[in-house]
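**Student:** Sharing run-v5.cif below, mmCIF, C-alpha atoms and all ligand atoms:
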```cif
data_structure
#
loop_
_atom_site.group_PDB
_atom_site.id
_atom_site.type_symbol
_atom_site.label_atom_id
_atom_site.label_comp_id
_atom_site.auth_asym_id
_atom_site.auth_seq_id
_atom_site.Cartn_x
_atom_site.Cartn_y
_atom_site.Cartn_z
ATOM 1 C CA MET V 27 8.512 11.069 -29.342
ATOM 2 C CA ASN V 28 8.853 7.385 -30.134
ATOM 3 C CA THR V 29 5.191 6.350 -30.064
ATOM 4 C CA PHE V 30 5.848 2.663 -30.467
ATOM 5 C CA PRO V 31 8.480 1.611 -27.942
ATOM 6 C CA PHE V 32 6.859 -1.797 -27.257
ATOM 7 C CA ASP V 33 6.746 -5.105 -29.080
ATOM 8 C CA LEU V 34 3.012 -5.597 -28.605
ATOM 9 C CA SER V 35 2.765 -9.038 -30.205
ATOM 10 C CA SER V 36 5.445 -10.338 -27.855
ATOM 11 C CA LEU V 37 3.745 -8.692 -24.847
ATOM 12 C CA ALA V 38 0.405 -10.258 -25.818
ATOM 13 C CA GLU V 39 2.078 -13.664 -25.396
ATOM 14 C CA THR V 40 3.208 -12.934 -21.827
ATOM 15 C CA PRO V 41 2.490 -16.072 -19.790
ATOM 16 C CA GLY V 42 -0.543 -15.625 -17.548
ATOM 17 C CA LEU V 43 -1.852 -12.523 -19.355
ATOM 18 C CA LEU V 44 -5.190 -12.969 -21.165
ATOM 19 C CA GLY V 45 -5.722 -9.489 -22.600
ATOM 20 C CA LEU V 46 -3.739 -6.424 -23.706
ATOM 21 C CA GLU V 47 -4.904 -2.918 -24.617
ATOM 22 C CA TYR V 48 -2.460 -0.276 -25.838
ATOM 23 C CA GLN V 49 -2.702 3.407 -26.688
ATOM 24 C CA PRO V 50 0.338 5.586 -27.494
ATOM 25 C CA GLU V 51 -1.097 8.224 -25.157
ATOM 26 C CA THR V 52 -3.751 8.305 -22.459
ATOM 27 C CA THR V 53 -4.541 10.333 -19.354
ATOM 28 C CA SER V 54 -4.137 7.568 -16.777
ATOM 29 C CA THR V 55 -3.945 3.820 -17.356
ATOM 30 C CA ASN V 56 -5.761 3.338 -14.039
ATOM 31 C CA ASP V 57 -8.681 5.485 -15.257
ATOM 32 C CA TRP V 58 -8.793 3.552 -18.523
ATOM 33 C CA ALA V 59 -8.512 0.192 -16.715
ATOM 34 C CA LEU V 60 -11.308 1.168 -14.294
ATOM 35 C CA GLN V 61 -13.571 1.822 -17.308
ATOM 36 C CA LEU V 62 -12.662 -1.479 -18.995
ATOM 37 C CA SER V 63 -13.077 -3.435 -15.757
ATOM 38 C CA SER V 64 -16.873 -3.100 -15.939
ATOM 39 C CA ASP V 65 -16.935 -5.178 -19.145
ATOM 40 C CA GLU V 66 -17.827 -8.619 -17.777
ATOM 41 C CA ALA V 67 -16.962 -10.285 -21.104
ATOM 42 C CA ARG V 68 -13.270 -9.388 -20.868
ATOM 43 C CA ARG V 69 -10.838 -12.156 -20.154
ATOM 44 C CA LEU V 70 -8.625 -11.353 -17.167
ATOM 45 C CA PRO V 71 -5.866 -10.620 -16.302
ATOM 46 C CA LEU V 72 -5.895 -7.694 -18.704
ATOM 47 C CA MET V 73 -2.980 -5.276 -19.127
ATOM 48 C CA VAL V 74 -3.686 -1.663 -20.093
ATOM 49 C CA LEU V 75 -0.545 0.010 -21.401
ATOM 50 C CA THR V 76 0.484 3.399 -22.701
ATOM 51 C CA ALA V 77 3.746 4.970 -23.849
ATOM 52 C CA ARG V 78 2.753 8.371 -22.501
ATOM 53 C CA GLN V 79 0.502 9.149 -19.584
ATOM 54 C CA THR V 80 -0.664 12.767 -19.417
ATOM 55 C CA ALA V 81 -2.450 12.745 -16.039
ATOM 56 C CA GLY V 82 -0.947 9.874 -14.051
ATOM 57 C CA ARG V 83 -2.314 9.576 -10.522
ATOM 58 C CA GLY V 84 -0.573 8.555 -7.308
ATOM 59 C CA ARG V 85 -1.941 7.842 -3.853
ATOM 60 C CA GLY V 86 -4.256 10.476 -2.378
ATOM 61 C CA SER V 87 -4.003 13.687 -4.352
ATOM 62 C CA ASN V 88 -0.485 12.963 -5.644
ATOM 63 C CA GLN V 89 0.401 13.029 -9.325
ATOM 64 C CA TRP V 90 2.723 10.589 -11.072
ATOM 65 C CA TRP V 91 5.425 12.106 -13.257
ATOM 66 C CA GLY V 92 6.094 9.854 -16.220
ATOM 67 C CA ALA V 93 8.211 10.903 -19.163
ATOM 68 C CA GLU V 94 9.084 9.111 -22.378
ATOM 69 C CA GLY V 95 10.905 5.878 -21.542
ATOM 70 C CA SER V 96 9.025 5.100 -18.354
ATOM 71 C CA LEU V 97 6.693 2.143 -17.904
ATOM 72 C CA THR V 98 3.116 3.054 -17.014
ATOM 73 C CA PHE V 99 0.537 0.291 -17.047
ATOM 74 C CA SER V 100 -2.377 -1.168 -15.121
ATOM 75 C CA LEU V 101 -3.515 -4.734 -14.622
ATOM 76 C CA VAL V 102 -7.157 -5.664 -14.171
ATOM 77 C CA ILE V 103 -7.372 -8.890 -12.187
ATOM 78 C CA ASP V 104 -10.283 -11.071 -11.131
ATOM 79 C CA ALA V 105 -9.359 -11.183 -7.447
ATOM 80 C CA GLU V 106 -12.494 -13.103 -6.470
ATOM 81 C CA GLY V 107 -11.970 -15.589 -9.298
ATOM 82 C CA ILE V 108 -8.434 -16.444 -8.150
ATOM 83 C CA GLY V 109 -9.613 -16.876 -4.560
ATOM 84 C CA LEU V 110 -8.288 -13.651 -3.044
ATOM 85 C CA PRO V 111 -10.753 -12.529 -0.363
ATOM 86 C CA MET V 112 -11.500 -8.822 0.078
ATOM 87 C CA ASP V 113 -9.923 -8.589 3.531
ATOM 88 C CA ARG V 114 -6.535 -9.306 1.900
ATOM 89 C CA TRP V 115 -6.829 -6.692 -0.856
ATOM 90 C CA PRO V 116 -5.079 -3.962 1.205
ATOM 91 C CA ARG V 117 -1.794 -5.897 0.858
ATOM 92 C CA VAL V 118 -1.956 -6.362 -2.919
ATOM 93 C CA ALA V 119 0.159 -3.214 -3.477
ATOM 94 C CA LEU V 120 2.865 -4.570 -1.162
ATOM 95 C CA VAL V 121 2.906 -7.962 -2.888
ATOM 96 C CA THR V 122 3.062 -6.198 -6.272
ATOM 97 C CA GLY V 123 5.990 -4.110 -5.005
ATOM 98 C CA LEU V 124 7.778 -7.267 -3.922
ATOM 99 C CA ALA V 125 7.275 -8.750 -7.395
ATOM 100 C CA VAL V 126 8.638 -5.565 -9.001
ATOM 101 C CA CYS V 127 11.743 -5.744 -6.754
ATOM 102 C CA GLU V 128 12.328 -9.370 -7.740
ATOM 103 C CA ALA V 129 11.852 -8.795 -11.466
ATOM 104 C CA LEU V 130 14.080 -5.703 -11.543
ATOM 105 C CA GLN V 131 16.762 -7.417 -9.461
ATOM 106 C CA ALA V 132 16.948 -10.063 -12.192
ATOM 107 C CA THR V 133 17.128 -7.328 -14.858
ATOM 108 C CA PHE V 134 19.771 -5.209 -13.103
ATOM 109 C CA PRO V 135 21.600 -7.483 -10.593
ATOM 110 C CA GLU V 136 23.969 -4.704 -9.414
ATOM 111 C CA GLY V 137 21.049 -2.564 -8.257
ATOM 112 C CA VAL V 138 20.032 -2.299 -4.615
ATOM 113 C CA PHE V 139 16.246 -2.604 -4.757
ATOM 114 C CA ASN V 140 14.029 -2.117 -1.738
ATOM 115 C CA LEU V 141 10.372 -2.260 -0.890
ATOM 116 C CA LYS V 142 9.143 0.834 0.912
ATOM 117 C CA TRP V 143 5.983 -0.186 2.727
ATOM 118 C CA PRO V 144 3.207 0.040 1.713
ATOM 119 C CA ASN V 145 3.476 0.611 -2.059
ATOM 120 C CA ASP V 146 6.798 1.897 -3.374
ATOM 121 C CA VAL V 147 9.980 0.399 -4.780
ATOM 122 C CA TYR V 148 13.277 2.180 -4.208
ATOM 123 C CA LEU V 149 16.601 1.853 -5.994
ATOM 124 C CA GLY V 150 19.746 3.024 -4.219
ATOM 125 C CA GLY V 151 17.663 4.952 -1.670
ATOM 126 C CA ARG V 152 15.466 6.818 -4.189
ATOM 127 C CA LYS V 153 11.966 6.138 -5.425
ATOM 128 C CA LEU V 154 11.887 4.107 -8.628
ATOM 129 C CA CYS V 155 8.340 2.784 -8.782
ATOM 130 C CA GLY V 156 4.915 3.628 -7.362
ATOM 131 C CA ILE V 157 1.889 1.363 -7.164
ATOM 132 C CA LEU V 158 -1.755 2.402 -6.993
ATOM 133 C CA VAL V 159 -4.352 -0.329 -6.370
ATOM 134 C CA GLU V 160 -7.991 0.641 -6.874
ATOM 135 C CA VAL V 161 -11.311 -1.158 -6.551
ATOM 136 C CA PRO V 162 -13.712 -0.572 -9.475
ATOM 137 C CA SER V 163 -17.062 0.663 -8.174
ATOM 138 C CA HIS V 164 -19.326 -1.002 -10.761
ATOM 139 C CA THR V 165 -17.988 -4.562 -10.865
ATOM 140 C CA ARG V 166 -17.611 -7.001 -8.004
ATOM 141 C CA GLY V 167 -14.459 -8.893 -7.218
ATOM 142 C CA ARG V 168 -12.045 -7.098 -9.535
ATOM 143 C CA LEU V 169 -8.974 -5.008 -8.812
ATOM 144 C CA VAL V 170 -6.971 -2.513 -10.852
ATOM 145 C CA ILE V 171 -3.242 -2.540 -10.083
ATOM 146 C CA GLY V 172 -1.486 0.518 -11.519
ATOM 147 C CA VAL V 173 2.305 0.483 -11.758
ATOM 148 C CA GLY V 174 4.705 3.244 -12.757
ATOM 149 C CA ILE V 175 8.394 2.341 -13.142
ATOM 150 C CA ASN V 176 11.122 4.791 -14.134
ATOM 151 C CA VAL V 177 13.154 2.881 -16.689
ATOM 152 C CA ASN V 178 14.700 4.917 -19.541
ATOM 153 C CA ASN V 179 13.409 8.319 -18.381
ATOM 154 C CA SER V 180 16.392 10.135 -16.909
ATOM 155 C CA PHE V 181 15.709 12.393 -13.952
ATOM 156 C CA ALA V 182 18.190 14.885 -15.390
ATOM 157 C CA SER V 183 15.121 16.259 -17.239
ATOM 158 C CA ALA V 184 12.665 15.876 -14.334
ATOM 159 C CA PRO V 185 11.120 18.729 -12.344
ATOM 160 C CA PRO V 186 13.754 19.966 -9.819
ATOM 161 C CA GLU V 187 11.755 18.877 -6.736
ATOM 162 C CA LEU V 188 11.820 15.260 -8.000
ATOM 163 C CA ARG V 189 15.487 15.060 -8.946
ATOM 164 C CA GLU V 190 16.756 14.461 -5.409
ATOM 165 C CA LYS V 191 14.033 12.027 -4.403
ATOM 166 C CA ALA V 192 13.561 9.757 -7.392
ATOM 167 C CA THR V 193 15.618 7.756 -9.842
ATOM 168 C CA SER V 194 15.332 5.550 -12.908
ATOM 169 C CA LEU V 195 17.055 2.396 -14.113
ATOM 170 C CA VAL V 196 18.921 4.356 -16.796
ATOM 171 C CA ASP V 197 20.228 6.873 -14.239
ATOM 172 C CA ALA V 198 21.430 4.083 -11.947
ATOM 173 C CA ALA V 199 22.813 1.728 -14.574
ATOM 174 C CA GLY V 200 24.132 4.295 -17.056
ATOM 175 C CA GLY V 201 22.543 2.533 -20.033
ATOM 176 C CA GLU V 202 19.074 1.977 -21.491
ATOM 177 C CA PHE V 203 16.902 -1.105 -20.983
ATOM 178 C CA ASP V 204 14.564 -2.887 -23.403
ATOM 179 C CA LEU V 205 11.106 -1.743 -22.258
ATOM 180 C CA THR V 206 9.322 -4.833 -23.601
ATOM 181 C CA GLU V 207 11.718 -7.189 -21.813
ATOM 182 C CA VAL V 208 11.476 -5.319 -18.500
ATOM 183 C CA LEU V 209 7.684 -5.116 -18.709
ATOM 184 C CA SER V 210 7.288 -8.763 -19.596
ATOM 185 C CA LEU V 211 9.476 -9.871 -16.658
ATOM 186 C CA VAL V 212 7.563 -7.590 -14.289
ATOM 187 C CA ILE V 213 4.137 -8.808 -15.463
ATOM 188 C CA VAL V 214 5.061 -12.484 -15.146
ATOM 189 C CA ARG V 215 6.401 -11.915 -11.640
ATOM 190 C CA VAL V 216 3.453 -9.785 -10.491
ATOM 191 C CA LEU V 217 0.907 -12.346 -11.715
ATOM 192 C CA GLN V 218 2.899 -15.149 -10.073
ATOM 193 C CA ARG V 219 3.156 -13.324 -6.746
ATOM 194 C CA ILE V 220 -0.556 -12.395 -6.747
ATOM 195 C CA THR V 221 -1.374 -16.070 -7.344
ATOM 196 C CA ASP V 222 0.967 -17.032 -4.474
ATOM 197 C CA TYR V 223 -0.739 -14.444 -2.294
ATOM 198 C CA ALA V 224 -4.138 -16.018 -2.975
ATOM 199 C CA ASP V 225 -2.804 -19.161 -1.275
ATOM 200 C CA PRO V 226 -3.098 -18.456 2.475
ATOM 201 C CA THR V 227 -0.374 -20.996 3.282
ATOM 202 C CA HIS V 228 2.213 -19.145 1.178
ATOM 203 C CA ALA V 229 4.607 -17.164 3.415
ATOM 204 C CA PHE V 230 6.304 -13.972 2.214
ATOM 205 C CA ILE V 231 8.267 -13.178 5.357
ATOM 206 C CA ALA V 232 11.732 -14.045 3.989
ATOM 207 C CA GLU V 233 11.140 -11.911 0.877
ATOM 208 C CA PHE V 234 9.728 -9.019 2.915
ATOM 209 C CA ARG V 235 12.812 -9.143 5.172
ATOM 210 C CA ARG V 236 15.164 -9.226 2.216
ATOM 211 C CA TYR V 237 13.718 -6.136 0.548
ATOM 212 C CA CYS V 238 12.313 -4.001 3.406
ATOM 213 C CA LEU V 239 13.816 -0.483 3.187
ATOM 214 C CA LEU V 240 12.517 0.651 6.562
ATOM 215 C CA THR V 241 13.778 -2.046 8.949
ATOM 216 C CA GLY V 242 15.888 -0.448 11.705
ATOM 217 C CA ARG V 243 15.073 3.116 10.630
ATOM 218 C CA MET V 244 13.158 5.753 12.560
ATOM 219 C CA VAL V 245 9.815 6.210 10.795
ATOM 220 C CA ARG V 246 6.885 8.633 10.916
ATOM 221 C CA ILE V 247 3.503 7.324 9.883
ATOM 222 C CA GLU V 248 0.711 9.755 9.113
ATOM 223 C CA GLN V 249 -2.811 8.385 9.400
ATOM 224 C CA GLY V 250 -5.027 11.390 8.730
ATOM 225 C CA SER V 251 -4.412 13.714 11.693
ATOM 226 C CA THR V 252 -2.671 10.960 13.721
ATOM 227 C CA LEU V 253 1.129 10.715 13.752
ATOM 228 C CA ILE V 254 2.938 7.570 14.882
ATOM 229 C CA THR V 255 6.720 7.589 15.322
ATOM 230 C CA GLY V 256 9.165 4.868 16.253
ATOM 231 C CA GLN V 257 11.742 2.425 14.998
ATOM 232 C CA CYS V 258 10.647 0.056 12.248
ATOM 233 C CA GLN V 259 11.025 -3.607 13.158
ATOM 234 C CA GLY V 260 10.204 -4.872 9.676
ATOM 235 C CA ILE V 261 7.140 -6.216 7.895
ATOM 236 C CA ALA V 262 5.038 -8.836 9.699
ATOM 237 C CA PRO V 263 4.022 -12.082 7.933
ATOM 238 C CA ASN V 264 0.529 -10.585 7.398
ATOM 239 C CA GLY V 265 2.037 -7.557 5.612
ATOM 240 C CA THR V 266 1.524 -4.982 8.363
ATOM 241 C CA LEU V 267 4.441 -2.699 9.368
ATOM 242 C CA LEU V 268 5.938 -3.357 12.796
ATOM 243 C CA VAL V 269 6.939 -0.186 14.649
ATOM 244 C CA GLN V 270 8.455 0.018 18.133
ATOM 245 C CA THR V 271 6.931 3.161 19.631
ATOM 246 C CA GLU V 272 7.427 4.654 23.105
ATOM 247 C CA THR V 273 4.276 2.857 24.225
ATOM 248 C CA GLY V 274 5.084 -0.537 22.711
ATOM 249 C CA LEU V 275 5.203 -2.535 19.472
ATOM 250 C CA ARG V 276 2.484 -1.507 17.008
ATOM 251 C CA GLN V 277 1.247 -3.207 13.860
ATOM 252 C CA ILE V 278 0.512 -0.489 11.312
ATOM 253 C CA VAL V 279 -2.115 -1.361 8.712
ATOM 254 C CA SER V 280 -2.090 1.846 6.646
ATOM 255 C CA GLY V 281 -0.579 5.295 6.391
ATOM 256 C CA THR V 282 1.943 7.507 4.656
ATOM 257 C CA VAL V 283 5.473 6.752 5.798
ATOM 258 C CA SER V 284 8.508 9.002 5.919
ATOM 259 C CA PHE V 285 11.872 7.890 7.274
ATOM 260 C CA GLU V 286 15.260 9.157 8.434
HETATM 261 C C1 LIG V 301 2.281 6.507 -5.924
HETATM 262 O O1 LIG V 301 3.508 6.557 -5.934
HETATM 263 O O2 LIG V 301 1.594 7.185 -5.138
HETATM 264 C C2 LIG V 301 1.586 5.583 -6.890
HETATM 265 C C3 LIG V 301 1.898 5.931 -8.323
HETATM 266 C C4 LIG V 301 1.208 5.028 -9.321
HETATM 267 C C5 LIG V 301 1.470 5.462 -10.743
HETATM 268 C C6 LIG V 301 0.920 4.479 -11.746
HETATM 269 S S1 LIG V 301 1.428 4.855 -13.392
HETATM 270 C C7 LIG V 301 0.278 3.722 -14.033
HETATM 271 C C8 LIG V 301 -0.985 3.858 -13.223
HETATM 272 N N1 LIG V 301 -1.838 4.897 -13.744
HETATM 273 C C9 LIG V 301 -1.954 5.929 -12.910
HETATM 274 O O3 LIG V 301 -2.609 6.971 -13.126
HETATM 275 N N2 LIG V 301 -1.253 5.697 -11.786
HETATM 276 C C10 LIG V 301 -0.600 4.386 -11.831
#
```
Would you write out, as structure tokens, the structure that this file holds?
Ligand code: BTN
**Tutor:**
Amino acid sequence: MNTFPFDLSSLAETPGLLGLEYQPETTSTNDWALQLSSDEARRLPLMVLTARQTAGRGRGSNQWWGAEGSLTFSLVIDAEGIGLPMDRWPRVALVTGLAVCEALQATFPEGVFNLKWPNDVYLGGRKLCGILVEVPSHTRGRLVIGVGINVNNSFASAPPELREKATSLVDAAGGEFDLTEVLSLVIVRVLQRITDYADPTHAFIAEFRRYCLLTGRMVRIEQGSTLITGQCQGIAPNGTLLVQTETGLRQIVSGTVSFE
């Protein structure tokens, strides 16, 4: 395995980033970032990066499959310090997903990138990237934003159940990408979009419309034991999902979404 696929000195200079930690291998960058987030002396935003994650976590009890060539990293941000109130934290994954779409669109202009509410990025109808935002329990005001992007890891070697559902940039483009360049573009865009999001006057509606995968589709939203079905009408300016159900238009704040 290539244990050093990143240009760390170049990544350390990424505009807006004030700290970088790297290990060739770790269990989960989110777990590592959650530990580091309790160190009050750390300058934030901090990026925690690995070339190989052995126990990557997804939402709920899901796992994240990441092979050599994928990007797996977490950002620790001082949400309180940048003026992002707690009631807006549930939409940080969506805003991060939007930033990932924008950065990857610039990297691979031929690709059809979409945002699948609330926390995934799709490429050509298959999952490309997952986002897991967590709140550290021992430190106030901070957030950990974990991002997994399939870049140079071909799904030809993925577990069979994933092959039909997921994709990577190399599978879609037919050629490899420079991991440092992709990561740097993504980080700059994510930090920019999170800063925009801290400004309550900044509207995301045009960008949400442009990238929303679910608009016009029949969707099923699971919220624990509750199931909501209907036609998606897009993402509202406040980041909720608009669904036309048999009983009327509903604004969905959370849930696991499947679509037809
Ligand atoms: C999901 O699709 O449910 C979210 C997946 C998030 C995966 C990333 S990879 C980097 C970071 N570390 C983790 O353990 N998970 C996130």
**Student:** Determine the nearest neighbour of ligand LIG 301 (chain V) from the options V:Leu205, V:Leu46, V:Ala81, V:Leu141, counting all atoms listed in the file.
**Tutor:**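 Between V:Leu205, V:Leu46, V:Ala81, V:Leu141, the residue approaching ligand LIG 301 (chain V) most closely is V:Ala81.
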**Student:** Which protein, DNA or RNA residues have an atom within 6 Å of ligand LIG 301 (chain V), counting all atoms listed in the file, as a PyMOL selection string?
**Tutor:** chain V and resi 54-56+82-85+90+98-100+156-158+172-174
**Student:** Per residue of region 41-130 of chain V within 10 Å of region 192-197 of chain V, which atom pair is closest and at what distance in Å (one decimal), using all atoms listed in the file, listed by chain and increasing number, as a tab-separated table?
**Tutor:**
```
residue	atom	partner	partner_atom	distance
V:Gly95	CA	V:Val196	CA	9.4
V:Ser96	CA	V:Ser194	CA	8.3
V:Leu130	CA	V:Leu195	CA	9.0
```
**Student:** Between V:Pro263, V:Gly274, V:Gly250, V:Gly123, single out the one closest to Phe139 (chain V), counting all atoms listed in the file.
**Tutor:**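 Nearest candidate to Phe139 (chain V) out of V:Pro263, V:Gly274, V:Gly250, V:Gly123: V:Gly123.
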**Student:** Restricting the calculation to only C-alpha atoms, which member of V:Thr227, V:Thr266, V:Thr206, V:Thr165 is positioned closest to Leu37 (chain V)?
**Tutor:**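 Checking each candidate against Leu37 (chain V), we get V:Thr206 as the closest.
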**Student:** Might you spell out which residues the PyMOL selection byres (((chain V and resi 49) around 8) and not hetatm) would select in the displayed file, as an mmCIF file with C-alpha atoms, in the frame of the given file?
**Tutor:**
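part.cif written:
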```
data_model
loop_
_atom_site.group_PDB
_atom_site.id
_atom_site.type_symbol
_atom_site.label_atom_id
_atom_site.label_comp_id
_atom_site.auth_asym_id
_atom_site.auth_seq_id
_atom_site.Cartn_x
_atom_site.Cartn_y
_atom_site.Cartn_z
ATOM 1 C CA GLU V 47 -4.904 -2.918 -24.617
ATOM 2 C CA TYR V 48 -2.460 -0.276 -25.838
ATOM 3 C CA PRO V 50 0.338 5.586 -27.494
ATOM 4 C CA GLU V 51 -1.097 8.224 -25.157
ATOM 5 C CA THR V 52 -3.751 8.305 -22.459
ATOM 6 C CA LEU V 75 -0.545 0.010 -21.401
ATOM 7 C CA THR V 76 0.484 3.399 -22.701
ATOM 8 C CA ALA V 77 3.746 4.970 -23.849
#
```
**Student:** Take CA of Ala105 (chain V) and CA of Val208 (chain V) and report the distance between them in Å, one decimal.
**Tutor:** 24.3 Å
**Student:** For a quick check of understanding, using only C-alpha atoms, which of V:Arg69, V:Arg219, V:Lys153, V:Arg114 has the smallest distance to Asn264 (chain V)?
**Tutor:**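 Among V:Arg69, V:Arg219, V:Lys153, V:Arg114, it is V:Arg114 that comes nearest to Asn264 (chain V).
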**Student:** Output the residue selection produced by the PyMOL selection byres (((chain V and resi 182) around 12) and not hetatm) on the file above, formatted as a PyMOL selection string.
**Tutor:** chain V and resi 93+178-181+183-190+192-194+196-198
**Student:** Record the distance separating CA of Pro144 (chain V) and CA of Ile254 (chain V), expressed in Å with one decimal.
**Tutor:**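 Separating CA of Pro144 (chain V) from CA of Ile254 (chain V) is a distance of 15.2 Å.
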**Student:** Running the PyMOL selection byres (((chain V and resi 102) around 9) and not hetatm) on this model by hand, what would come out? Give it as a PyMOL selection string.
**Tutor:** chain V and resi 59-60+62-63+70-74+100-101+103-105+168-172
**Student:** Show me that you can extract region 233-240 of chain V, keeping all heavy atoms, and write it as a PDB file, in the first residue's frame.
**Tutor:**
```pdb
ATOM      1  N   GLU V 233     -28.318  27.080  -5.050  1.00  0.00           N
ATOM      2  CA  GLU V 233     -27.361  25.960  -5.065  1.00  0.00           C
ATOM      3  C   GLU V 233     -28.050  24.654  -4.683  1.00  0.00           C
ATOM      4  O   GLU V 233     -27.797  23.610  -5.275  1.00  0.00           O
ATOM      5  CB  GLU V 233     -26.205  26.228  -4.102  1.00  0.00           C
ATOM      6  CG  GLU V 233     -25.270  27.348  -4.531  1.00  0.00           C
ATOM      7  CD  GLU V 233     -25.709  28.704  -4.019  1.00  0.00           C
ATOM      8  OE1 GLU V 233     -26.843  28.838  -3.515  1.00  0.00           O
ATOM      9  OE2 GLU V 233     -24.899  29.645  -4.124  1.00  0.00           O
ATOM     10  N   PHE V 234     -28.948  24.709  -3.700  1.00  0.00           N
ATOM     11  CA  PHE V 234     -29.698  23.505  -3.328  1.00  0.00           C
ATOM     12  C   PHE V 234     -30.499  23.004  -4.535  1.00  0.00           C
ATOM     13  O   PHE V 234     -30.527  21.814  -4.829  1.00  0.00           O
ATOM     14  CB  PHE V 234     -30.660  23.793  -2.170  1.00  0.00           C
ATOM     15  CG  PHE V 234     -30.015  23.958  -0.816  1.00  0.00           C
ATOM     16  CD1 PHE V 234     -30.668  24.644   0.199  1.00  0.00           C
ATOM     17  CD2 PHE V 234     -28.775  23.400  -0.540  1.00  0.00           C
ATOM     18  CE1 PHE V 234     -30.095  24.789   1.455  1.00  0.00           C
ATOM     19  CE2 PHE V 234     -28.190  23.550   0.714  1.00  0.00           C
ATOM     20  CZ  PHE V 234     -28.858  24.243   1.712  1.00  0.00           C
ATOM     21  N   ARG V 235     -31.160  23.939  -5.221  1.00  0.00           N
ATOM     22  CA  ARG V 235     -31.978  23.551  -6.398  1.00  0.00           C
ATOM     23  C   ARG V 235     -31.106  22.912  -7.453  1.00  0.00           C
ATOM     24  O   ARG V 235     -31.472  21.910  -8.062  1.00  0.00           O
ATOM     25  CB  ARG V 235     -32.640  24.798  -7.003  1.00  0.00           C
ATOM     26  CG  ARG V 235     -33.831  25.237  -6.235  1.00  0.00           C
ATOM     27  CD  ARG V 235     -34.867  25.921  -7.147  1.00  0.00           C
ATOM     28  NE  ARG V 235     -35.980  26.340  -6.315  1.00  0.00           N
ATOM     29  CZ  ARG V 235     -36.281  27.595  -6.045  1.00  0.00           C
ATOM     30  NH1 ARG V 235     -35.584  28.578  -6.573  1.00  0.00           N
ATOM     31  NH2 ARG V 235     -37.276  27.876  -5.261  1.00  0.00           N
ATOM     32  N   ARG V 236     -29.945  23.504  -7.678  1.00  0.00           N
ATOM     33  CA  ARG V 236     -29.075  23.022  -8.756  1.00  0.00           C
ATOM     34  C   ARG V 236     -28.638  21.577  -8.521  1.00  0.00           C
ATOM     35  O   ARG V 236     -28.540  20.786  -9.458  1.00  0.00           O
ATOM     36  CB  ARG V 236     -27.858  23.946  -8.843  1.00  0.00           C
ATOM     37  CG  ARG V 236     -26.824  23.451  -9.793  1.00  0.00           C
ATOM     38  CD  ARG V 236     -25.768  24.476 -10.125  1.00  0.00           C
ATOM     39  NE  ARG V 236     -24.810  23.853 -11.013  1.00  0.00           N
ATOM     40  CZ  ARG V 236     -23.534  24.145 -11.067  1.00  0.00           C
ATOM     41  NH1 ARG V 236     -23.053  25.094 -10.312  1.00  0.00           N
ATOM     42  NH2 ARG V 236     -22.739  23.516 -11.895  1.00  0.00           N
ATOM     43  N   TYR V 237     -28.361  21.245  -7.247  1.00  0.00           N
ATOM     44  CA  TYR V 237     -27.755  19.936  -6.979  1.00  0.00           C
ATOM     45  C   TYR V 237     -28.701  18.885  -6.406  1.00  0.00           C
ATOM     46  O   TYR V 237     -28.307  17.720  -6.284  1.00  0.00           O
ATOM     47  CB  TYR V 237     -26.554  20.100  -6.039  1.00  0.00           C
ATOM     48  CG  TYR V 237     -25.346  20.693  -6.730  1.00  0.00           C
ATOM     49  CD1 TYR V 237     -24.948  21.999  -6.470  1.00  0.00           C
ATOM     50  CD2 TYR V 237     -24.612  19.954  -7.644  1.00  0.00           C
ATOM     51  CE1 TYR V 237     -23.840  22.552  -7.103  1.00  0.00           C
ATOM     52  CE2 TYR V 237     -23.511  20.495  -8.290  1.00  0.00           C
ATOM     53  CZ  TYR V 237     -23.129  21.793  -8.016  1.00  0.00           C
ATOM     54  OH  TYR V 237     -22.035  22.327  -8.652  1.00  0.00           O
ATOM     55  N   CYS V 238     -29.939  19.278  -6.032  1.00  0.00           N
ATOM     56  CA  CYS V 238     -30.818  18.324  -5.331  1.00  0.00           C
ATOM     57  C   CYS V 238     -31.140  17.101  -6.206  1.00  0.00           C
ATOM     58  O   CYS V 238     -31.689  17.222  -7.294  1.00  0.00           O
ATOM     59  CB  CYS V 238     -32.104  19.004  -4.887  1.00  0.00           C
ATOM     60  SG  CYS V 238     -33.179  17.873  -3.972  1.00  0.00           S
ATOM     61  N   LEU V 239     -30.802  15.925  -5.701  1.00  0.00           N
ATOM     62  CA  LEU V 239     -31.040  14.660  -6.430  1.00  0.00           C
ATOM     63  C   LEU V 239     -32.507  14.260  -6.371  1.00  0.00           C
ATOM     64  O   LEU V 239     -33.013  13.566  -7.259  1.00  0.00           O
ATOM     65  CB  LEU V 239     -30.186  13.551  -5.791  1.00  0.00           C
ATOM     66  CG  LEU V 239     -30.346  12.138  -6.329  1.00  0.00           C
ATOM     67  CD1 LEU V 239     -29.720  12.028  -7.718  1.00  0.00           C
ATOM     68  CD2 LEU V 239     -29.702  11.125  -5.395  1.00  0.00           C
ATOM     69  N   LEU V 240     -33.193  14.669  -5.299  1.00  0.00           N
ATOM     70  CA  LEU V 240     -34.501  14.085  -4.997  1.00  0.00           C
ATOM     71  C   LEU V 240     -35.674  14.854  -5.593  1.00  0.00           C
ATOM     72  O   LEU V 240     -36.789  14.312  -5.650  1.00  0.00           O
ATOM     73  CB  LEU V 240     -34.665  13.994  -3.468  1.00  0.00           C
ATOM     74  CG  LEU V 240     -33.585  13.161  -2.752  1.00  0.00           C
ATOM     75  CD1 LEU V 240     -33.743  13.266  -1.243  1.00  0.00           C
ATOM     76  CD2 LEU V 240     -33.649  11.705  -3.190  1.00  0.00           C
TER      77      LEU V 240
END
```
